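Taking it in order: structure first as structure tokens, then the write-up.
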Amino acid sequence: MSNSNLTRRGVLKTGAIASAGFALPTIFTASSAAAYMNEPTGGSVTLGFNVPQTGPYADEGADELRAYQLAVEHLNGEGDGGMLNTFSSKELTGEGILGKKVEFVTGDTQTKSDAARASAKSMIEKDGAVMITGGSSSGVAIAVQGLCQEAGVIFMAGLTHSNDTTGKDKKANGFRHFFNAYMSGAALAPVLAARYGTDRKAYHLTADYTWGWTQEESIKAATEALGWETVNAVKTPLAATDFSSYITPVLQTDADVLVLNHYGGNMVNSLTNAVQFGLREKQVNGRNFEIVVPLFSRLMARGAGENIKGILGSTNWHWSLTDEGSQAFVKSFGTKYGFPPSQAAHTVYCQTLLYADACQRAGTFNPCGVVEALEGFEFDGLGNGKTTYRAEDHQCFKDVLVVKGKDNPTSEFDLLEVVEVTPVDQVTYDPEHPMFAGGNLGQCNAG
Amino acid sequence: MLGLNKKDTRFLLIVVALTMATPILLQPFPEGSGLAQFNAGYPDLMQRFAIFGIFAIGFNILFGLTGYLSFGHAAFLGIGSYSVVWMYKLLDYNVIYGLPLAIVMSGIFALLIGYISLRRSGIYFSILTLAFAQMSFNLAYSVLTPITNGETGLQVYTNDPQVLLGATEPRSPHFFGIVMNNSSKVNVGDWVFTFNNGYYFCAVIAILAFYLSLRIFRSPFGLMLRAIKSNQQRLNYTGLNARPYTLAAFVISGMYAGLAGGLMASMDPLAGAERMQWTASGEVVLMTILGGVGTMMGPVLGAGVIKYMENIFSKINDQVLHGWFGWMPDGLEDFVIGISHFFVGKSWHLTSGLLFMIVVIFLPGGLVEGGQRIRAMFAKKRGDDDDDPKHQPKQAPHVAE
């Protein structure tokens with residue numbers, strides 16, 4: 001349709017400009033002398049806190065961020081030191097990490113793996129973060145863990161409960177302090193059997209995505225081993241807000257336990273619906289109908305309000321624990337922010353301390369050194385009793401709490417009570433357990 | 001040159017120059033200065049500029065030319081990504097296998113979805129495409145987990161077949177040995193410029209995509225598409241069937257989206273289902289409108305502005321604000337931080353929302369119109385006002401027509 005006149009001068013000019021443009025990158029290529037990715041060279045070291053600040057898990061994300069800031073203060077010797085004082089390893093002295101002041105950058109994962117990876121990438125590429133931590137969803141945690149493995153930085157997982165994080169998607173550069181779906185099942189099942197009997201018929205409602213499935217699989221396996229029968233397991237879409245149509249069929253079966261494999265807003269809605277349909281007053285074969293929520297958090301309990309009372313579930317940590325470490329943490333968190341921390345806050349605080357301590361012990365920020373220092377590391381004083389970072393899958397093994405919605409809460413934070421502390425031996429599994437098999441840590445990557 | 005007239009050639013050359021110099025242009029502040037926060041010249045963001053630029057250019061072929069507003073283009077983005085990651089898993093990390101497949105696959109899906117959706121126009125068309133996209137998202141998120149790996153996102157495992165993988169081949173996406181992740185850093189004084197292989201790979205493809213779209217805009221086919229936008233009824237009365245044209249435009253823009261999705265997976269070997277969610281489809285609509293519907297440069301600009309805000313503004317937290325305003329007296333500092341708190345960090349959506357409102361209200365032609373107005377102002381001063389390369393058709397009054 002259209003044409004232009006080619007002139008010799010024009011062609012030469014454009015050619016010269018274009019070749020200058022192409023050649024530019026190669027003219028002053030500076031080779032970097034760093035031994036590993038983002039080696040901190042100045043007087044400070046940068047950590048990347050990548051949490052959901054918008055989206056369905058924004059509450060958890062906000063609490064995580066508070067805990068991270070607290071951890072950084074304590075590492076830099078400000079505040080009262082929190083769990084640094086109770087931590088069994090005494091390497092950290094409040095002078096930063098390896099004498100470098102700890103600084104941090106934050107990012108918003110939006111609870112989407114793409115956004116989370118973009119945010120983590122900018123922390124690594126732009127801000128020079130040597131460690132990334134956070135994540136309030138297993139999908140996000142696994143996505144970012146994979147990224148950190150490729151980029152050559154350490155990933156300290158936050159709130160992620162799926163078996164896959166340290167199962168089929170485990171990575172050498174990734175570590176998880178939080179417990180997982182298998183542990184929830186293993187801890188919860190004996191308590192359920194003791195309270196509700198061994199001949200119950202369970203009906204599962206499961207959030208239809210990876211975490212929901214591993215959760216359902218774990219609980220089913222654990223309860224069936226004790227004699228329960230699974231009547232039905234129904235998948236509900238993640239975006240569902242009204243669960244009435246899923247609750248009505250429950251009434252028509254002879255099930256006498258409803259297991260809600262839901263988290264966050266999903267769980268709040270499904271539990272509310274179940275209570276509205278009178279499931280809690282229902283009697284089946286002369287026994288009370290029961291509802292179980294395998295993964296509990298205080299923030300969820302607050303959302304569910306009255307309905308949560310008496311319902312059993314499991315949790316990683318609760319602020320009412322009376323050990324020295326938990327108390328120190330609750331005290332410094334409460335002093336700074338005016339309310340007790342959630343389990344999400346606790347796990348990310350621990351992760352930050354554990355990372356700092358590993359660097360200190362390894363004498364370097366080199367990811368491979370840190371991995372070596374964390375593998376098989378045994379510690380105490382961080383609120384969960386004696387804990388081990390297992391070398392085979394980088395999962396922490398510690399006691400698991402079985403909790404119950406409190407009947408008579410004394411404040412808006414006092415919503416859960418600890419029913420039983422399940423000892424670590426009972427929730428330990430083989431690294432090649434079928435629910436975790438298929439993964440491969442690979443080699444640590446230093447960039 | 002290249003079948004373009006003089007103005008378009010100049011325009012294309014300017015675009016090429018800008019794209020090639022992006023790593024320098026986006027790094028205007030020296031490292032270590034307070035303003036370094038606003039630098040955007042790091043590989044990931046630059047790659048995103050180029051990729052979403054392609055996505056928006058393609059979307060504009062459909063929306064800008066025919067006026068059909070698709071709310072489901074993110075589906076093709078996802079399809080492209082999944083295709084590329086599957087090629088990594090089955091063959092090897094060379095992107096040469098995945099990218100063509102991404103374009104073909106998204107083309108096939110676009111043909112199917114377009115064939116059905118284009119039976120309606122206006123708002124009904126938008127709703128149909130939205131429904132298809134949400135269907136694709138839900139399928140990818142749960143039902144098709146064996147293919148898509150669901151919530152976790154499809155990624156490459158060490159035990160995948162990767163039949164073509166050579167012993168010395170890079171273990172991350174590459175183009176015949178040019179590893180996407182590799183960059184060369186150049187220090188000039190206090191400035192650090194990062195020239196990233198992946199970015200230049202995307203940039204070259206983006207320029208080709210831009211050129212192709214420019215040719216489409218200037219072709220008889222493009223003219224026909226504009227006729228559909230301005231008055232489809234009249235076109236029908238003249239005995240022309242508009243459907244094949246709209247379908248072709250839909251498939252072409254779907255293929256652009258697939259290419260963009262494939263490039264995303266080429267830069268970062270993971271395909272997540274969220275990429276297909278309706279918010280992602282909405283985002284490209286915002287980009288196009290923000291930049292200027294139906295213009296050549298607008299969608300690219302819009303993509304850049306939105307990605308810049310998402311990645312730069314969202315990272316300004318209270319700590320950074322304290323660093324900036326620390327020199328103010330205490331009360332004033334808290335006040336200023338309290339106010340700015342609502343516009344940065346996790347509230348960056350508010351800023352982008354406000355910007356979007358301002359643009360839509362005062363500059364219906366998008367940022368490009370803003371540029372043209374400024375230019376017209378200067379042109380008038382010089383007493384020379386016919387130097388305006390109209391790269392846009394006249395605006396139709398209603399975006400959803």
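Residue numbering restarts at 1 in every chain; chains get A, B, ... in the order shown in the structure tokens, and ligands count up from 1 in that same order.
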Check which residues of chain B sit at most 6 Å from chain A using only C-alpha atoms, and return one row each with the closest pair of atoms and their distance in Å to one decimal, ordered by chain and rising number, as a tab-separated table.
```
residue	atom	partner	partner_atom	distance
B:Met1	CA	A:Ser4	CA	5.3
B:Gly3	CA	A:Asn3	CA	5.2
B:Leu4	CA	A:Ser2	CA	5.1
B:Asn5	CA	A:Asn3	CA	4.5
B:Lys6	CA	A:Ser4	CA	5.1
B:Tyr42	CA	A:Lys126	CA	5.9
B:Ser142	CA	A:Tyr209	CA	5.4
B:Glu151	CA	A:Gly139	CA	5.2
B:Thr152	CA	A:Gly139	CA	4.1
B:Ser184	CA	A:Thr29	CA	5.8
B:Lys185	CA	A:Ala30	CA	5.9
B:Val186	CA	A:Thr29	CA	5.6
B:Lys315	CA	A:Gly107	CA	5.3
B:Lys346	CA	A:Gln53	CA	5.5
```
- Task: Please provide the set of residues having any atom within 10 Å of Ile252 (chain B), restricted to only C-alpha atoms, with same-chain residues fewer than 5 positions apart removed, written as a VMD selection string.
- Result: chain B and resid 58 to 59 61 to 62 103 106 to 107 110 to 111 213 246 to 247 257 to 258
File of the preceding selection, N, CA and C atoms, as a PDB file, in the first residue's frame:
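Now in out.pdb:
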```pdb
ATOM      1  N   GLY B  58      -1.825  -7.110  20.371  1.00  0.00           N
ATOM      2  CA  GLY B  58      -2.724  -8.098  19.785  1.00  0.00           C
ATOM      3  C   GLY B  58      -4.169  -7.838  20.148  1.00  0.00           C
ATOM      4  N   PHE B  59      -4.382  -7.493  21.413  1.00  0.00           N
ATOM      5  CA  PHE B  59      -5.737  -7.217  21.869  1.00  0.00           C
ATOM      6  C   PHE B  59      -6.316  -6.035  21.098  1.00  0.00           C
ATOM      7  N   ILE B  61      -5.763  -5.226  18.083  1.00  0.00           N
ATOM      8  CA  ILE B  61      -6.189  -5.570  16.720  1.00  0.00           C
ATOM      9  C   ILE B  61      -7.665  -5.915  16.732  1.00  0.00           C
ATOM     10  N   LEU B  62      -8.082  -6.626  17.798  1.00  0.00           N
ATOM     11  CA  LEU B  62      -9.499  -6.964  17.888  1.00  0.00           C
ATOM     12  C   LEU B  62     -10.318  -5.776  18.382  1.00  0.00           C
ATOM     13  N   ILE B 103       1.625 -20.434  19.683  1.00  0.00           N
ATOM     14  CA  ILE B 103       0.848 -19.638  18.736  1.00  0.00           C
ATOM     15  C   ILE B 103      -0.219 -20.502  18.069  1.00  0.00           C
ATOM     16  N   SER B 106      -3.031 -21.549  20.702  1.00  0.00           N
ATOM     17  CA  SER B 106      -3.943 -20.461  21.043  1.00  0.00           C
ATOM     18  C   SER B 106      -4.781 -20.088  19.830  1.00  0.00           C
ATOM     19  N   GLY B 107      -4.203 -20.242  18.638  1.00  0.00           N
ATOM     20  CA  GLY B 107      -4.975 -19.989  17.424  1.00  0.00           C
ATOM     21  C   GLY B 107      -6.152 -20.943  17.311  1.00  0.00           C
ATOM     22  N   ALA B 110      -8.677 -20.009  19.865  1.00  0.00           N
ATOM     23  CA  ALA B 110      -9.320 -18.751  19.490  1.00  0.00           C
ATOM     24  C   ALA B 110     -10.359 -19.001  18.406  1.00  0.00           C
ATOM     25  N   LEU B 111     -10.040 -19.931  17.499  1.00  0.00           N
ATOM     26  CA  LEU B 111     -10.969 -20.248  16.424  1.00  0.00           C
ATOM     27  C   LEU B 111     -12.262 -20.817  17.015  1.00  0.00           C
ATOM     28  N   SER B 213       1.484  -5.771  13.204  1.00  0.00           N
ATOM     29  CA  SER B 213       0.241  -5.089  13.534  1.00  0.00           C
ATOM     30  C   SER B 213       0.124  -3.775  12.770  1.00  0.00           C
ATOM     31  N   THR B 246     -14.235 -10.590  11.371  1.00  0.00           N
ATOM     32  CA  THR B 246     -14.114 -10.502  12.831  1.00  0.00           C
ATOM     33  C   THR B 246     -13.446 -11.756  13.372  1.00  0.00           C
ATOM     34  N   LEU B 247     -13.809 -12.907  12.792  1.00  0.00           N
ATOM     35  CA  LEU B 247     -13.209 -14.149  13.269  1.00  0.00           C
ATOM     36  C   LEU B 247     -11.700 -14.126  13.032  1.00  0.00           C
ATOM     37  N   ALA B 257      -1.882 -13.164  21.880  1.00  0.00           N
ATOM     38  CA  ALA B 257      -1.948 -13.445  23.319  1.00  0.00           C
ATOM     39  C   ALA B 257      -1.209 -14.736  23.635  1.00  0.00           C
ATOM     40  N   GLY B 258      -1.380 -15.745  22.766  1.00  0.00           N
ATOM     41  CA  GLY B 258      -0.677 -17.006  22.977  1.00  0.00           C
ATOM     42  C   GLY B 258       0.830 -16.817  22.928  1.00  0.00           C
TER      43      GLY B 258
END
```
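Of all the residues in region 139-223 of chain B, the ones DSSP labels as strand (DSSP E or B) from the backbone are Leu154, Gln155, His174, Phe175, Ile178, Val179, Ser183, Ser184, Lys185, Val186, Asn187, Val188, Trp191, Val192, Phe193, Thr194, Phe195 and Asn196 of chain B.
The nearest approach to Gly99 (chain A) among the residues A:Val330, A:Leu279, A:Ala356, A:Val153, with only C-alpha atoms taken into account, belongs to A:Ala356.
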- Query: Could you pull the residues within 6 Å of region 199-212 of chain B, counting only C-alpha atoms, minus those fewer than 2 positions along the same chain, as a PyMOL selection string?
  - Reply: chain B and resi 47+50+54+196-197+214-215
Take the residues from that selection and put them in a file with N, CA and C atoms, as a PDB file, in the first residue's frame.
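part_36.pdb, written as the output of this step:
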```pdb
ATOM      1  N   GLN B  47      11.221  -7.401  30.753  1.00  0.00           N
ATOM      2  CA  GLN B  47      10.610  -8.498  29.994  1.00  0.00           C
ATOM      3  C   GLN B  47       9.101  -8.359  30.006  1.00  0.00           C
ATOM      4  N   ALA B  50       7.803  -5.775  27.561  1.00  0.00           N
ATOM      5  CA  ALA B  50       7.777  -6.257  26.180  1.00  0.00           C
ATOM      6  C   ALA B  50       6.645  -7.264  25.992  1.00  0.00           C
ATOM      7  N   ILE B  54       3.211  -6.908  23.728  1.00  0.00           N
ATOM      8  CA  ILE B  54       2.732  -7.793  22.655  1.00  0.00           C
ATOM      9  C   ILE B  54       1.266  -8.169  22.887  1.00  0.00           C
ATOM     10  N   ASN B 196      19.847  -7.711  29.439  1.00  0.00           N
ATOM     11  CA  ASN B 196      19.457  -9.088  29.681  1.00  0.00           C
ATOM     12  C   ASN B 196      19.112  -9.782  28.367  1.00  0.00           C
ATOM     13  N   ASN B 197      19.589 -11.001  28.189  1.00  0.00           N
ATOM     14  CA  ASN B 197      19.308 -11.748  26.954  1.00  0.00           C
ATOM     15  C   ASN B 197      17.806 -11.916  26.737  1.00  0.00           C
ATOM     16  N   LEU B 214       1.267  -3.112  12.555  1.00  0.00           N
ATOM     17  CA  LEU B 214       1.256  -1.868  11.776  1.00  0.00           C
ATOM     18  C   LEU B 214       0.798  -2.152  10.354  1.00  0.00           C
ATOM     19  N   ARG B 215       1.301  -3.259   9.802  1.00  0.00           N
ATOM     20  CA  ARG B 215       0.902  -3.635   8.451  1.00  0.00           C
ATOM     21  C   ARG B 215      -0.590  -3.960   8.398  1.00  0.00           C
TER      22      ARG B 215
END
```
- Task: Would you kindly return, as a VMD selection string, each protein, DNA or RNA residue with an atom no farther than 7 Å from any atom of region 407-424 of chain A, considering only C-alpha atoms and excluding same-chain residues fewer than 3 positions away?
- Result: chain A and resid 187 298 301 309 to 310 397 to 404 427 to 428
Output of the above residues as a PDB file, in the first residue's frame, restricted to C-alpha atoms:
```pdb
ATOM      1  CA  ALA A 187      -2.414 -35.541  64.964  1.00  0.00           C
ATOM      2  CA  ARG A 298      -7.145 -17.748  64.883  1.00  0.00           C
ATOM      3  CA  ALA A 301     -11.879 -18.509  64.065  1.00  0.00           C
ATOM      4  CA  LYS A 309     -17.239 -23.186  69.458  1.00  0.00           C
ATOM      5  CA  GLY A 310     -16.390 -26.782  70.267  1.00  0.00           C
ATOM      6  CA  PHE A 397       9.377 -31.934  62.603  1.00  0.00           C
ATOM      7  CA  LYS A 398       7.818 -30.809  65.837  1.00  0.00           C
ATOM      8  CA  ASP A 399       4.805 -31.329  68.072  1.00  0.00           C
ATOM      9  CA  VAL A 400       1.422 -30.533  66.536  1.00  0.00           C
ATOM     10  CA  LEU A 401      -1.384 -28.852  68.427  1.00  0.00           C
ATOM     11  CA  VAL A 402      -4.927 -30.148  68.339  1.00  0.00           C
ATOM     12  CA  VAL A 403      -7.232 -27.264  69.197  1.00  0.00           C
ATOM     13  CA  LYS A 404     -10.899 -26.645  69.829  1.00  0.00           C
ATOM     14  CA  VAL A 427       3.381 -37.156  63.106  1.00  0.00           C
ATOM     15  CA  THR A 428       6.723 -38.217  61.653  1.00  0.00           C
TER      16      THR A 428
END
```
- Message: According to DSSP computed on the backbone, where in region 13-241 of chain A is there helix (DSSP H, G or I)? Give the residues as a PyMOL selection string.
- Response: chain A and resi 13-27+58-75+82-84+113-125+138-151+163-166+181-196+210-225
Generate the output file for the selected residues, C-alpha atoms, as a short mmCIF file (atom, residue, chain, number, x, y, z; two decimals), in the first residue's frame.
```cif
data_model
loop_
_atom_site.label_atom_id
_atom_site.label_comp_id
_atom_site.auth_asym_id
_atom_site.auth_seq_id
_atom_site.Cartn_x
_atom_site.Cartn_y
_atom_site.Cartn_z
CA LYS A 13 22.42 6.40 9.21
CA THR A 14 19.97 3.81 10.48
CA GLY A 15 22.57 1.11 10.05
CA ALA A 16 25.05 3.03 12.15
CA ILE A 17 22.53 3.73 14.90
CA ALA A 18 21.29 0.16 14.97
CA SER A 19 24.75 -1.35 15.10
CA ALA A 20 25.77 1.03 17.85
CA GLY A 21 22.67 -0.05 19.76
CA PHE A 22 23.42 -3.74 19.31
CA ALA A 23 27.07 -3.38 20.11
CA LEU A 24 26.53 -1.38 23.27
CA PRO A 25 25.88 -4.30 25.59
CA THR A 26 29.15 -5.92 24.65
CA ILE A 27 31.36 -2.84 24.89
CA ALA A 58 -4.37 -10.36 53.12
CA ASP A 59 -5.06 -10.71 56.87
CA GLU A 60 -2.49 -13.46 57.23
CA GLY A 61 -0.08 -11.48 55.07
CA ALA A 62 -0.40 -8.37 57.22
CA ASP A 63 0.30 -10.39 60.35
CA GLU A 64 3.29 -12.03 58.71
CA LEU A 65 4.71 -8.65 57.79
CA ARG A 66 4.41 -7.48 61.39
CA ALA A 67 6.31 -10.53 62.56
CA TYR A 68 9.02 -10.01 59.95
CA GLN A 69 9.55 -6.44 61.07
CA LEU A 70 9.75 -7.62 64.65
CA ALA A 71 12.28 -10.28 63.71
CA VAL A 72 14.43 -7.72 61.90
CA GLU A 73 14.34 -5.43 64.94
CA HIS A 74 15.42 -8.26 67.17
CA LEU A 75 18.20 -9.33 64.82
CA GLY A 82 11.97 -11.78 71.73
CA MET A 83 12.72 -15.41 71.04
CA LEU A 84 16.41 -14.68 70.48
CA SER A 113 1.83 -17.42 41.67
CA ASP A 114 2.60 -15.09 38.78
CA ALA A 115 2.48 -11.94 40.84
CA ALA A 116 4.42 -13.65 43.60
CA ARG A 117 7.17 -14.70 41.24
CA ALA A 118 7.31 -11.23 39.67
CA SER A 119 7.63 -9.68 43.09
CA ALA A 120 10.28 -12.17 44.22
CA LYS A 121 12.20 -11.65 40.98
CA SER A 122 12.28 -7.92 41.45
CA MET A 123 13.57 -8.44 44.99
CA ILE A 124 16.36 -10.63 43.67
CA GLU A 125 17.21 -8.67 40.53
CA SER A 138 0.80 -23.50 48.92
CA GLY A 139 0.57 -22.72 45.22
CA VAL A 140 2.42 -19.45 45.76
CA ALA A 141 4.98 -20.98 48.09
CA ILE A 142 5.79 -23.76 45.63
CA ALA A 143 6.02 -21.33 42.72
CA VAL A 144 8.37 -18.99 44.60
CA GLN A 145 10.39 -21.91 45.96
CA GLY A 146 11.01 -23.06 42.40
CA LEU A 147 12.05 -19.56 41.40
CA CYS A 148 14.52 -19.25 44.29
CA GLN A 149 16.03 -22.60 43.39
CA GLU A 150 16.62 -21.40 39.82
CA ALA A 151 17.89 -17.99 40.88
CA ASN A 163 2.16 -31.92 51.45
CA ASP A 164 3.69 -31.00 48.10
CA THR A 165 5.82 -28.10 49.37
CA THR A 166 8.23 -30.55 50.98
CA ALA A 181 -1.61 -31.79 55.83
CA TYR A 182 -0.24 -35.22 56.68
CA MET A 183 0.73 -34.03 60.16
CA SER A 184 -2.73 -32.52 60.65
CA GLY A 185 -4.31 -35.87 59.83
CA ALA A 186 -1.95 -37.86 61.99
CA ALA A 187 -2.41 -35.54 64.96
CA LEU A 188 -6.14 -35.10 64.63
CA ALA A 189 -7.26 -38.68 63.98
CA PRO A 190 -6.47 -40.15 67.44
CA VAL A 191 -8.18 -37.24 69.16
CA LEU A 192 -11.22 -37.64 66.94
CA ALA A 193 -11.32 -41.37 67.65
CA ALA A 194 -11.03 -40.79 71.38
CA ARG A 195 -13.78 -38.18 71.45
CA TYR A 196 -16.19 -39.35 68.80
CA THR A 210 -4.14 -29.10 45.32
CA TRP A 211 -4.10 -28.16 48.97
CA GLY A 212 -7.68 -29.34 49.52
CA TRP A 213 -6.93 -32.67 47.91
CA THR A 214 -3.80 -33.41 49.95
CA GLN A 215 -5.70 -32.36 53.06
CA GLU A 216 -8.61 -34.67 52.25
CA GLU A 217 -6.29 -37.53 51.36
CA SER A 218 -4.38 -37.15 54.62
CA ILE A 219 -7.42 -36.97 56.87
CA LYS A 220 -9.14 -39.82 55.06
CA ALA A 221 -6.10 -42.06 55.39
CA ALA A 222 -5.62 -41.24 59.06
CA THR A 223 -9.26 -41.66 60.09
CA GLU A 224 -9.90 -44.76 58.02
CA ALA A 225 -6.90 -46.39 59.64
#
```
- Query: Can you tell me, as a ChimeraX atom specification, what residues are no more than 9 Å from region 158-170 of chain B when counting only C-alpha atoms, ignoring any on the same chain fewer than 6 positions away?
  - Reply: /A:438-440,442 /B:87-94,177-179
- Nearest candidate to Asp254 (chain A) (options A:Thr352, A:Gln276, A:Gln283, A:Thr241; using only C-alpha atoms): A:Gln283
